[in-house]
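Enquirer: My file is my_file10.cif. It has mmCIF, C-alpha atoms and all ligand atoms:
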data_work
#
loop_
_atom_site.label_atom_id
_atom_site.label_comp_id
_atom_site.auth_asym_id
_atom_site.auth_seq_id
_atom_site.Cartn_x
_atom_site.Cartn_y
_atom_site.Cartn_z
CA MET R 1 -22.35 -34.10 13.47
CA ASN R 2 -22.04 -34.64 9.76
CA ASN R 3 -22.79 -38.28 9.33
CA LEU R 4 -23.92 -41.45 11.03
CA SER R 5 -20.42 -42.32 12.20
CA ASP R 6 -20.62 -39.45 14.71
CA ILE R 7 -23.58 -41.10 16.46
CA GLN R 8 -23.04 -43.68 19.17
CA ILE R 9 -25.64 -46.37 18.48
CA THR R 10 -26.98 -48.82 21.06
CA ARG R 11 -29.54 -51.13 19.50
CA THR R 12 -32.41 -52.61 21.43
CA THR R 13 -32.27 -56.32 22.19
CA GLN R 14 -36.05 -56.46 22.68
CA SER R 15 -37.87 -55.00 19.69
CA ARG R 16 -41.55 -54.24 20.28
CA LEU R 17 -42.30 -54.22 16.55
CA ALA R 18 -43.87 -57.69 16.30
CA LYS R 19 -46.22 -56.92 19.22
CA THR R 20 -47.45 -53.62 17.74
CA ASP R 21 -50.96 -53.56 16.30
CA PHE R 22 -50.55 -51.39 13.19
CA ASP R 23 -54.30 -51.61 12.48
CA ASN R 24 -55.30 -49.83 15.67
CA LEU R 25 -52.83 -47.02 16.20
CA VAL R 26 -53.74 -44.17 18.50
CA PHE R 27 -51.81 -40.95 17.78
CA GLY R 28 -48.95 -40.44 20.25
CA GLU R 29 -49.36 -43.72 22.08
CA THR R 30 -46.93 -46.06 20.33
CA PHE R 31 -43.20 -45.40 20.05
CA SER R 32 -40.63 -47.09 17.86
CA ASP R 33 -37.73 -49.07 19.32
CA HIS R 34 -35.19 -46.25 19.46
CA MET R 35 -34.76 -42.56 20.22
CA PHE R 36 -32.10 -39.98 19.48
CA ALA R 37 -30.44 -37.77 22.13
CA ALA R 38 -27.79 -35.05 22.20
CA ASP R 39 -26.61 -32.54 24.80
CA TYR R 40 -25.80 -28.88 24.58
CA MET R 41 -23.02 -27.84 26.93
CA ASP R 42 -20.04 -25.47 26.83
CA GLY R 43 -21.69 -23.73 23.88
CA GLU R 44 -21.94 -26.74 21.55
CA TRP R 45 -24.02 -29.81 20.73
CA LYS R 46 -22.36 -33.13 21.61
CA ASN R 47 -22.94 -36.73 22.81
CA PHE R 48 -24.98 -37.77 19.75
CA GLN R 49 -26.64 -41.05 20.55
CA ILE R 50 -29.31 -43.44 19.35
CA LEU R 51 -30.49 -45.66 22.15
CA PRO R 52 -33.45 -47.89 22.97
CA TYR R 53 -36.63 -45.91 23.67
CA SER R 54 -36.79 -45.69 27.46
CA GLU R 55 -37.39 -43.43 30.42
CA ILE R 56 -34.78 -40.75 31.07
CA ASN R 57 -33.23 -39.41 34.26
CA ILE R 58 -33.69 -35.70 34.88
CA SER R 59 -33.20 -33.47 37.88
CA PRO R 60 -36.46 -32.15 39.44
CA SER R 61 -35.02 -28.63 39.30
CA ILE R 62 -34.40 -28.39 35.53
CA SER R 63 -35.67 -25.05 34.30
CA ALA R 64 -37.76 -26.64 31.51
CA LEU R 65 -40.09 -28.02 34.17
CA HIS R 66 -40.42 -24.71 35.99
CA TYR R 67 -40.18 -22.02 33.33
CA GLY R 68 -41.13 -23.80 30.15
CA GLN R 69 -37.90 -23.47 28.19
CA CYS R 70 -39.04 -26.27 25.95
CA PHE R 71 -40.28 -26.57 22.38
CA PHE R 72 -40.82 -29.25 19.76
CA GLU R 73 -41.49 -30.07 16.13
CA GLY R 74 -43.69 -32.61 14.39
CA LEU R 75 -43.02 -34.19 11.00
CA LYS R 76 -43.64 -37.48 9.27
CA ALA R 77 -41.85 -40.20 7.32
CA TYR R 78 -43.92 -41.98 4.67
CA ARG R 79 -43.49 -45.34 2.98
CA HIS R 80 -43.51 -44.94 -0.80
CA ILE R 81 -45.26 -47.48 -2.96
CA ASP R 82 -41.85 -48.76 -4.15
CA GLY R 83 -40.90 -49.51 -0.50
CA LYS R 84 -38.56 -46.53 -0.07
CA VAL R 85 -38.99 -44.21 2.91
CA ALA R 86 -39.02 -40.42 2.72
CA VAL R 87 -39.30 -37.72 5.36
CA PHE R 88 -41.50 -34.82 4.26
CA ARG R 89 -40.00 -31.29 4.12
CA THR R 90 -37.43 -31.73 6.94
CA ASP R 91 -35.67 -28.50 5.93
CA LYS R 92 -38.81 -26.48 6.74
CA ASN R 93 -39.14 -28.09 10.15
CA ALA R 94 -35.45 -27.36 10.82
CA GLU R 95 -36.06 -23.70 9.97
CA ARG R 96 -39.06 -23.47 12.29
CA PHE R 97 -37.18 -25.36 15.02
CA ASN R 98 -34.62 -22.60 15.11
CA LYS R 99 -37.27 -19.86 15.11
CA SER R 100 -38.79 -21.47 18.21
CA ALA R 101 -35.31 -21.75 19.77
CA GLU R 102 -34.60 -18.08 19.14
CA ARG R 103 -37.90 -16.92 20.67
CA LEU R 104 -37.36 -19.01 23.80
CA CYS R 105 -33.75 -17.88 24.19
CA MET R 106 -32.45 -21.38 23.50
CA PRO R 107 -29.47 -22.42 21.32
CA GLN R 108 -29.76 -22.91 17.58
CA LEU R 109 -29.47 -26.47 16.33
CA PRO R 110 -27.45 -26.71 13.09
CA VAL R 111 -29.72 -27.88 10.26
CA ASP R 112 -27.44 -30.85 9.48
CA ILE R 113 -27.78 -32.13 13.07
CA PHE R 114 -31.57 -31.80 12.86
CA ILE R 115 -31.81 -33.61 9.52
CA ASN R 116 -29.16 -36.27 10.24
CA SER R 117 -30.60 -37.11 13.66
CA ILE R 118 -34.02 -37.69 12.09
CA THR R 119 -32.79 -39.67 9.13
CA ALA R 120 -30.52 -41.79 11.38
CA LEU R 121 -33.43 -42.60 13.69
CA VAL R 122 -35.80 -43.39 10.83
CA ASP R 123 -33.08 -45.50 9.24
CA ILE R 124 -32.64 -47.65 12.35
CA ASP R 125 -36.41 -47.90 12.90
CA TRP R 126 -37.10 -48.31 9.16
CA ASN R 127 -39.45 -51.26 9.73
CA TRP R 128 -41.63 -49.05 11.92
CA VAL R 129 -42.68 -46.91 8.93
CA PRO R 130 -46.17 -48.22 8.08
CA SER R 131 -47.04 -49.03 4.49
CA ALA R 132 -50.84 -48.68 4.68
CA ALA R 133 -52.41 -45.63 3.00
CA ASN R 134 -52.91 -42.66 5.36
CA HIS R 135 -50.37 -44.11 7.78
CA SER R 136 -46.91 -42.76 8.56
CA LEU R 137 -44.15 -42.58 11.14
CA TYR R 138 -44.70 -39.45 13.21
CA ILE R 139 -41.42 -37.87 14.32
CA ARG R 140 -41.16 -35.67 17.38
CA PRO R 141 -37.91 -33.69 17.82
CA PHE R 142 -37.77 -31.52 20.96
CA VAL R 143 -35.38 -29.55 23.14
CA PHE R 144 -35.58 -28.78 26.83
CA ALA R 145 -33.49 -26.79 29.28
CA THR R 146 -31.51 -28.97 31.69
CA ASP R 147 -29.76 -26.60 34.13
CA PRO R 148 -30.74 -27.76 37.65
CA PHE R 149 -31.29 -24.16 38.77
CA LEU R 150 -34.40 -22.30 39.89
CA GLY R 151 -33.20 -18.83 38.88
CA VAL R 152 -35.41 -17.35 36.14
CA THR R 153 -32.72 -17.14 33.49
CA PRO R 154 -31.94 -19.03 30.29
CA SER R 155 -30.34 -22.39 30.94
CA ALA R 156 -26.74 -22.97 29.84
CA THR R 157 -27.39 -26.66 29.10
CA TYR R 158 -30.06 -28.40 26.99
CA ARG R 159 -31.09 -31.84 25.81
CA TYR R 160 -32.24 -32.45 22.22
CA MET R 161 -34.20 -35.63 21.59
CA VAL R 162 -36.12 -37.25 18.74
CA LEU R 163 -38.89 -39.80 19.25
CA ALA R 164 -40.84 -41.60 16.53
CA GLY R 165 -44.05 -43.60 16.44
CA PRO R 166 -46.33 -45.11 13.79
CA THR R 167 -49.65 -43.41 13.31
CA GLY R 168 -52.82 -43.62 11.25
CA PRO R 169 -55.42 -40.96 10.29
CA TYR R 170 -56.07 -38.35 13.01
CA PHE R 171 -59.67 -37.42 12.22
CA SER R 172 -61.82 -39.27 9.75
CA LYS R 173 -65.02 -37.25 9.97
CA LEU R 174 -66.25 -33.75 9.32
CA LEU R 175 -65.37 -31.56 12.29
CA LYS R 176 -67.81 -29.68 14.44
CA VAL R 177 -65.85 -26.64 15.57
CA LYS R 178 -66.36 -23.67 17.86
CA ILE R 179 -65.07 -20.18 17.20
CA GLU R 180 -63.45 -19.20 20.50
CA THR R 181 -64.23 -15.66 21.63
CA GLN R 182 -63.29 -15.74 25.30
CA TYR R 183 -59.86 -17.34 25.59
CA THR R 184 -56.74 -16.33 23.63
CA LEU R 185 -53.96 -18.53 22.32
CA ALA R 186 -51.51 -15.87 21.24
CA ALA R 187 -51.08 -12.12 20.91
CA GLU R 188 -48.75 -9.96 18.85
CA GLY R 189 -45.34 -10.00 20.49
CA GLY R 190 -46.11 -13.33 22.17
CA ILE R 191 -44.96 -16.85 21.39
CA GLY R 192 -47.79 -18.07 19.14
CA TYR R 193 -45.50 -18.55 16.15
CA ALA R 194 -43.12 -20.77 18.16
CA LYS R 195 -43.86 -24.43 18.85
CA ALA R 196 -43.42 -23.70 22.53
CA ALA R 197 -44.66 -26.46 24.84
CA GLY R 198 -46.48 -23.85 26.95
CA ASN R 199 -48.73 -22.84 24.03
CA TYR R 200 -50.26 -26.30 24.08
CA GLY R 201 -50.69 -26.37 27.87
CA GLY R 202 -52.47 -23.00 27.68
CA ALA R 203 -54.87 -24.33 25.05
CA MET R 204 -56.03 -27.29 27.10
CA LEU R 205 -58.64 -25.66 29.32
CA PRO R 206 -60.53 -23.92 26.47
CA ALA R 207 -60.26 -27.09 24.36
CA ARG R 208 -61.61 -29.23 27.18
CA LYS R 209 -64.53 -26.85 27.74
CA ALA R 210 -65.34 -26.94 24.03
CA ALA R 211 -65.12 -30.75 24.03
CA LYS R 212 -67.61 -30.87 26.91
CA GLU R 213 -69.96 -28.77 24.77
CA GLY R 214 -69.63 -31.40 22.02
CA PHE R 215 -67.06 -29.70 19.76
CA ASP R 216 -64.13 -31.47 18.10
CA GLN R 217 -61.88 -28.41 17.83
CA LEU R 218 -61.55 -24.71 18.58
CA ILE R 219 -60.86 -21.95 16.13
CA TRP R 220 -58.74 -19.29 17.79
CA THR R 221 -59.46 -15.64 17.12
CA ASP R 222 -57.26 -12.56 17.55
CA ALA R 223 -56.47 -11.49 21.11
CA LYS R 224 -57.60 -7.85 20.71
CA THR R 225 -61.07 -8.11 19.16
CA HIS R 226 -61.89 -11.82 18.70
CA HIS R 227 -63.26 -10.79 15.29
CA TYR R 228 -60.51 -12.33 13.16
CA ILE R 229 -59.72 -15.99 12.66
CA GLU R 230 -56.23 -17.25 13.49
CA GLU R 231 -55.80 -21.05 13.54
CA MET R 232 -57.48 -24.24 14.64
CA GLY R 233 -56.07 -26.45 17.44
CA ALA R 234 -52.92 -28.00 16.02
CA ALA R 235 -53.65 -26.87 12.47
CA ASN R 236 -53.82 -23.82 10.25
CA ILE R 237 -57.16 -23.02 8.69
CA MET R 238 -58.24 -22.32 5.14
CA PHE R 239 -61.46 -21.41 3.35
CA MET R 240 -62.53 -21.55 -0.26
CA ILE R 241 -64.80 -18.59 -0.97
CA ASP R 242 -65.96 -17.67 -4.46
CA GLY R 243 -63.22 -19.84 -5.93
CA LYS R 244 -60.45 -18.12 -3.90
CA LEU R 245 -58.37 -19.92 -1.30
CA ILE R 246 -58.26 -17.67 1.75
CA THR R 247 -56.16 -18.18 4.87
CA PRO R 248 -55.09 -16.01 7.81
CA SER R 249 -51.77 -14.27 7.19
CA ILE R 250 -48.73 -15.28 9.24
CA GLU R 251 -47.46 -11.72 9.31
CA GLY R 252 -48.54 -10.76 12.83
CA ASN R 253 -46.38 -13.63 14.18
CA THR R 254 -49.30 -14.90 16.23
CA ILE R 255 -49.90 -18.18 14.39
CA LEU R 256 -47.68 -21.08 13.48
CA LYS R 257 -46.12 -20.97 10.01
CA GLY R 258 -47.50 -24.36 9.08
CA ILE R 259 -45.60 -26.53 6.65
CA THR R 260 -48.78 -28.22 5.42
CA ARG R 261 -50.19 -24.70 4.99
CA ASP R 262 -47.25 -23.82 2.76
CA SER R 263 -47.62 -27.08 0.80
CA VAL R 264 -51.34 -26.47 0.17
CA LEU R 265 -50.79 -22.84 -0.89
CA THR R 266 -47.95 -23.92 -3.19
CA LEU R 267 -50.11 -26.60 -4.86
CA ALA R 268 -53.04 -24.18 -5.19
CA ARG R 269 -50.87 -21.48 -6.81
CA GLY R 270 -49.43 -24.13 -9.15
CA TRP R 271 -52.99 -25.01 -10.24
CA GLY R 272 -53.81 -21.37 -10.86
CA VAL R 273 -56.17 -21.10 -7.89
CA PRO R 274 -56.17 -17.51 -6.55
CA VAL R 275 -54.70 -17.43 -3.02
CA GLU R 276 -55.19 -14.71 -0.42
CA GLU R 277 -53.14 -14.60 2.79
CA ARG R 278 -54.72 -11.85 4.86
CA ARG R 279 -56.92 -11.08 7.84
CA VAL R 280 -60.06 -13.23 7.73
CA SER R 281 -63.01 -12.00 9.75
CA VAL R 282 -65.53 -14.29 11.41
CA ASN R 283 -68.30 -12.23 9.79
CA GLU R 284 -66.90 -12.91 6.32
CA ILE R 285 -66.94 -16.66 6.98
CA ILE R 286 -70.46 -16.65 8.33
CA ALA R 287 -71.67 -14.54 5.40
CA GLY R 288 -69.95 -17.00 3.03
CA ILE R 289 -71.82 -19.91 4.62
CA GLU R 290 -75.13 -18.06 4.60
CA ASN R 291 -74.91 -16.97 0.95
CA SER R 292 -73.34 -20.30 -0.14
CA THR R 293 -70.18 -18.73 -1.59
CA LEU R 294 -68.06 -20.66 0.94
CA SER R 295 -67.44 -24.12 -0.48
CA ASP R 296 -64.68 -25.42 1.78
CA ALA R 297 -63.32 -24.92 5.28
CA PHE R 298 -60.50 -27.13 6.47
CA GLY R 299 -57.56 -27.48 8.81
CA THR R 300 -54.04 -28.20 7.55
CA GLY R 301 -51.39 -29.83 9.71
CA THR R 302 -48.86 -32.62 9.90
CA ALA R 303 -50.88 -34.63 12.39
CA PHE R 304 -54.27 -33.48 10.99
CA THR R 305 -53.28 -33.66 7.31
CA ILE R 306 -56.33 -32.01 5.70
CA THR R 307 -59.43 -32.17 7.85
CA CYS R 308 -62.73 -30.71 6.72
CA ILE R 309 -65.10 -28.72 8.85
CA GLY R 310 -68.80 -29.63 8.74
CA SER R 311 -70.13 -26.91 11.01
CA LEU R 312 -68.92 -23.80 12.82
CA ALA R 313 -70.46 -22.44 16.00
CA TYR R 314 -70.21 -18.75 16.81
CA ASN R 315 -71.78 -17.06 19.82
CA GLY R 316 -74.17 -19.94 20.35
CA THR R 317 -75.34 -20.41 16.72
CA GLU R 318 -74.17 -23.37 14.65
CA TYR R 319 -73.62 -22.76 10.92
CA PHE R 320 -73.58 -25.81 8.62
CA LEU R 321 -71.51 -25.92 5.43
CA ASN R 322 -73.90 -27.11 2.78
CA ASN R 323 -72.55 -25.74 -0.49
CA PRO R 324 -72.90 -28.44 -3.21
CA ASP R 325 -69.17 -28.06 -4.04
CA SER R 326 -68.20 -28.65 -0.40
CA GLY R 327 -64.95 -30.49 -0.03
CA LYS R 328 -64.01 -30.42 -3.73
CA PHE R 329 -60.81 -28.43 -3.30
CA SER R 330 -59.79 -30.04 0.01
CA ASP R 331 -60.26 -33.50 -1.54
CA ARG R 332 -58.15 -32.57 -4.52
CA VAL R 333 -55.35 -31.15 -2.42
CA LEU R 334 -55.40 -34.05 0.06
CA ASN R 335 -55.18 -36.57 -2.78
CA LYS R 336 -52.28 -34.73 -4.36
CA LEU R 337 -50.40 -34.45 -1.07
CA ASN R 338 -50.96 -38.15 -0.36
CA GLN R 339 -49.73 -39.08 -3.82
CA ILE R 340 -46.56 -37.00 -3.42
CA ARG R 341 -45.93 -38.39 0.06
CA ARG R 342 -46.35 -41.97 -1.12
CA GLY R 343 -44.20 -41.49 -4.20
CA GLU R 344 -47.21 -41.96 -6.52
CA ALA R 345 -46.97 -38.50 -8.12
CA PRO R 346 -43.89 -36.56 -9.23
CA ASP R 347 -42.32 -34.58 -6.38
CA GLU R 348 -42.26 -31.34 -8.40
CA TYR R 349 -41.24 -29.13 -5.50
CA GLY R 350 -38.58 -31.43 -4.01
CA TRP R 351 -40.47 -32.04 -0.74
CA ASN R 352 -39.49 -35.68 -0.17
CA HIS R 353 -36.24 -36.29 1.65
CA VAL R 354 -35.74 -39.88 0.47
CA LEU R 355 -33.56 -42.05 2.71
CA VAL R 356 -30.82 -43.89 0.86
C1 LIG K 401 -50.75 -24.56 16.63
C2 LIG K 401 -50.48 -25.22 15.33
N1 LIG K 401 -50.82 -24.58 14.18
C3 LIG K 401 -50.58 -25.12 12.98
C4 LIG K 401 -50.00 -26.36 12.86
C5 LIG K 401 -49.75 -26.95 11.49
O1 LIG K 401 -48.37 -26.92 11.19
P1 LIG K 401 -47.72 -28.03 10.25
O2 LIG K 401 -48.48 -28.03 9.00
O3 LIG K 401 -46.31 -27.58 10.07
O4 LIG K 401 -47.82 -29.33 10.97
C6 LIG K 401 -49.65 -27.08 14.01
C7 LIG K 401 -49.05 -28.41 13.91
O5 LIG K 401 -47.93 -28.59 14.10
C8 LIG K 401 -49.88 -26.49 15.28
O6 LIG K 401 -49.54 -27.13 16.40
#
Represent the structure of the file as structure tokens.
Ligand SMILES: Cc1ncc(COP(=O)(O)O)c(C=O)c1O
Expert:
Amino acid sequence: MNNLSDIQITRTTQSRLAKTDFDNLVFGETFSDHMFAADYMDGEWKNFQILPYSEINISPSISALHYGQCFFEGLKAYRHIDGKVAVFRTDKNAERFNKSAERLCMPQLPVDIFINSITALVDIDWNWVPSAANHSLYIRPFVFATDPFLGVTPSATYRYMVLAGPTGPYFSKLLKVKIETQYTLAAEGGIGYAKAAGNYGGAMLPARKAAKEGFDQLIWTDAKTHHYIEEMGAANIMFMIDGKLITPSIEGNTILKGITRDSVLTLARGWGVPVEERRVSVNEIIAGIENSTLSDAFGTGTAFTITCIGSLAYNGTEYFLNNPDSGKFSDRVLNKLNQIRRGEAPDEYGWNHVLV
């Protein structure tokens, strides 16, 4: 698929746009009028379609439902102040999409199909891209195995789909988080670095337990010792200690290579802020809070954007971030990212994929 003319388009006759309350959006609840679909069969992607958002027919024996051959991506389209629409860093999501596919023994999706499917869907649902600050059109591409076969083997057929839905800010308060020391999200050699659907299912029980204890999010620690910090819910995590931006390294392939993470590190390096990507121990963070050298702790993610942490609980003790410079760096970086995404600041790194 190289251009829009390869996509069969069926437009909705009953748009839900006018009935949508853009002032009260709940993440993941509202979908735009259309969706994109394509099939993988006989070793290639075909049947490119945009059709009205609707239920789909699937066999109850598809292997995605039984063995979890299923993964996804998450990215956003933003409305610029001049009215144009741009999708943020699609090329990076395409790259990660194919890393997930490889790890789950699923077919690669050519980057042009990934990017064109998204831009075609956003183009048709252009009016669904909100213009209010901190709002965007969340885009959810995903692939699932469709062989109706219960043998534990990679499927020969797959469905690729893209959904979209308007969304507002995810969290608007300081987070109260718990450092998880019992459950594990990912281990070396596992699938933590892939956006595998099963990773999120596996996180639900620990997250629910933490929520019952009054926490907003979990911070995952390493599987072997639980002494080193990995990531936070659906976000990467960063700390500002002694003027250095410190974040867990992606080298062990246990955490997701976040695109917001990369954007923040790129901006920080551009500003001359020292950046360290390395192992980060829980003890180092707690010491930084206790001796007030830690001035910022925040999550970075497409859905989360930049979300600051107010307190961290570890083994039953809650540590409050109370450095007078708290939030200075995260505020600066969030403002800059927002300005780039809304076309208010120069896009120095070429991150905006502007629709024409
Ligand atoms: C587990 C996990 N870590 C990190 C991230 C942040 O990645 P990104 O900045 O690409 O959204 C996400 C969000 O997609 C996630 O689900």
Enquirer: Where does chain R meet ligand LIG 401 (chain K) within 10 Å, residue by residue, with the nearest atom pair and distance in Å to one decimal for each, counting only C-alpha atoms and all ligand atoms, listed by chain and rising number, as a Markdown table?
Expert:
| residue | atom | partner | partner_atom | distance |
| --- | --- | --- | --- | --- |
| R:Phe72 | CA | K:LIG401 | O5 | 9.1 |
| R:Glu73 | CA | K:LIG401 | O5 | 6.9 |
| R:Gly74 | CA | K:LIG401 | O5 | 5.8 |
| R:Leu75 | CA | K:LIG401 | O4 | 6.8 |
| R:Lys76 | CA | K:LIG401 | O4 | 9.3 |
| R:Arg89 | CA | K:LIG401 | O3 | 9.4 |
| R:Lys92 | CA | K:LIG401 | O3 | 8.3 |
| R:Asn93 | CA | K:LIG401 | O3 | 7.2 |
| R:Arg96 | CA | K:LIG401 | O3 | 8.6 |
| R:Leu185 | CA | K:LIG401 | C1 | 8.9 |
| R:Ala186 | CA | K:LIG401 | C1 | 9.9 |
| R:Gly192 | CA | K:LIG401 | C1 | 7.6 |
| R:Tyr193 | CA | K:LIG401 | C1 | 8.0 |
| R:Ala194 | CA | K:LIG401 | C1 | 8.7 |
| R:Lys195 | CA | K:LIG401 | O6 | 6.7 |
| R:Ala196 | CA | K:LIG401 | O6 | 9.3 |
| R:Ala197 | CA | K:LIG401 | O6 | 9.8 |
| R:Asn199 | CA | K:LIG401 | C1 | 7.9 |
| R:Tyr200 | CA | K:LIG401 | C1 | 7.7 |
| R:Ala203 | CA | K:LIG401 | C1 | 9.4 |
| R:Trp220 | CA | K:LIG401 | C1 | 9.6 |
| R:Glu230 | CA | K:LIG401 | N1 | 9.1 |
| R:Glu231 | CA | K:LIG401 | N1 | 6.1 |
| R:Met232 | CA | K:LIG401 | N1 | 6.7 |
| R:Gly233 | CA | K:LIG401 | C1 | 5.7 |
| R:Ala234 | CA | K:LIG401 | C8 | 3.5 |
| R:Ala235 | CA | K:LIG401 | C3 | 3.6 |
| R:Asn236 | CA | K:LIG401 | C3 | 4.4 |
| R:Ile237 | CA | K:LIG401 | C3 | 8.1 |
| R:Thr254 | CA | K:LIG401 | C1 | 9.8 |
| R:Ile255 | CA | K:LIG401 | N1 | 6.5 |
| R:Leu256 | CA | K:LIG401 | N1 | 4.8 |
| R:Lys257 | CA | K:LIG401 | O1 | 6.5 |
| R:Gly258 | CA | K:LIG401 | O1 | 3.4 |
| R:Ile259 | CA | K:LIG401 | O3 | 3.6 |
| R:Thr260 | CA | K:LIG401 | O2 | 3.6 |
| R:Arg261 | CA | K:LIG401 | O2 | 5.5 |
| R:Asp262 | CA | K:LIG401 | O2 | 7.6 |
| R:Ser263 | CA | K:LIG401 | O2 | 8.3 |
| R:Val264 | CA | K:LIG401 | O2 | 9.4 |
| R:Gly299 | CA | K:LIG401 | C5 | 8.3 |
| R:Thr300 | CA | K:LIG401 | O2 | 5.7 |
| R:Gly301 | CA | K:LIG401 | O2 | 3.5 |
| R:Thr302 | CA | K:LIG401 | O4 | 3.6 |
| R:Ala303 | CA | K:LIG401 | O4 | 6.3 |
| R:Phe304 | CA | K:LIG401 | O4 | 7.7 |
| R:Thr305 | CA | K:LIG401 | O2 | 7.6 |
| R:Ile306 | CA | K:LIG401 | O2 | 9.4 |
Enquirer: One decimal, Å: what's the distance from atom CA of R:Tyr160 over to atom CA of R:Pro107, could you say?
Expert: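 For atom CA of R:Tyr160 relative to atom CA of R:Pro107, the distance reads 10.4 Å.
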Enquirer: How many Å separate atom CA of R:Lys173 from atom CA of R:Glu29?
Expert: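 Here the two named atoms are 20.8 Å from each other.
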Enquirer: By how many Å are atom CA of R:Thr157 and atom CA of R:Asp6 apart?
Expert: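 Spanning atom CA of R:Thr157 to atom CA of R:Asp6 is a straight-line distance of 20.4 Å.
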Enquirer: Counting all atoms listed in the file, which of R:Val177, R:Ile191, R:Cys70, R:Ala37 gets nearest to R:Glu213?
Expert: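 The closest residue to R:Glu213 is R:Val177.
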Enquirer: Considering all atoms listed in the file, state which residue in the set R:Arg269, R:Arg140, R:Arg332, R:Arg278 is at the smallest distance from R:Pro248.
Expert: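 Closest residue, counting all atoms listed in the file: R:Arg278.
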Enquirer: My list of candidates is R:Thr119, R:Thr247, R:Thr184, R:Ser63. Which is closest to R:Leu355 when distances are computed with only C-alpha atoms?
Expert: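 Of the candidates, the smallest distance to R:Leu355 is held by R:Thr119.
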Enquirer: Near stretch 15-18 of chain R, counting only C-alpha atoms, which residues have an atom at most 8 Å away, once you skip same-chain residues fewer than 6 positions from it, shown as a PyMOL selection string?
Expert: chain R and resi 32-33+127-128
Enquirer: Of the candidates R:Asp125, R:Glu251, R:Asp347, R:Asp222, which one gets nearest to R:Ser281 if we count all atoms listed in the file?
Expert: R:Asp222
Enquirer: Mind checking which residues fall within 12 Å of R:Glu44, counting only C-alpha atoms, ignoring those fewer than 6 positions away in the same chain, and posting them as a ChimeraX atom specification?
Expert: /R:1,38,106-110,113,156-160
Enquirer: Rank R:Gln8, R:Leu175, R:Ala164, R:Tyr183 by their smallest atom-to-atom distance to R:Thr30, using all atoms listed in the file, and report the top residue only.
Expert: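 The closest residue to R:Thr30 is R:Ala164.
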Enquirer: Name the residues in contact with R:Phe22 at a cut-off of 9 Å, using only C-alpha atoms, excluding same-chain residues fewer than 3 positions from it; report them as a PyMOL selection string.
Expert: chain R and resi 25+130+132+166-168
Enquirer: Would you please work out which residue, of R:Tyr228, R:Lys178, R:Gln217, R:Tyr138, is nearest to R:Glu318 when using all atoms listed in the file?
Expert: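 Among R:Tyr228, R:Lys178, R:Gln217, R:Tyr138, it is R:Lys178 that comes nearest to R:Glu318.
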Enquirer: Around the point (-48.2, -50.0, 4.2) in the file's coordinates, collect all residues with an atom within 10 Å, using only C-alpha atoms, and return them as an NGL selection string.
Expert: :R and (22 or 78-81 or 83 or 129-136 or 342)
Enquirer: Can you tell me, as a ChimeraX atom specification, which residues sit within 12 Å of (-71.0, -18.1, 21.8) in the file's frame, using only C-alpha atoms?
Expert: /R:177-183,210,213,218,226,312-318
Enquirer: Assuming 8 Å of padding per side, give the centre and edge lengths of the axis-aligned box around every listed atom of stretch 325-340 of chain R, in Å to one decimal and as JSON.
Expert:
{"center_x": -57.9, "center_y": -33.6, "center_z": -2.2, "size_x": 38.6, "size_y": 27.0, "size_z": 20.6}
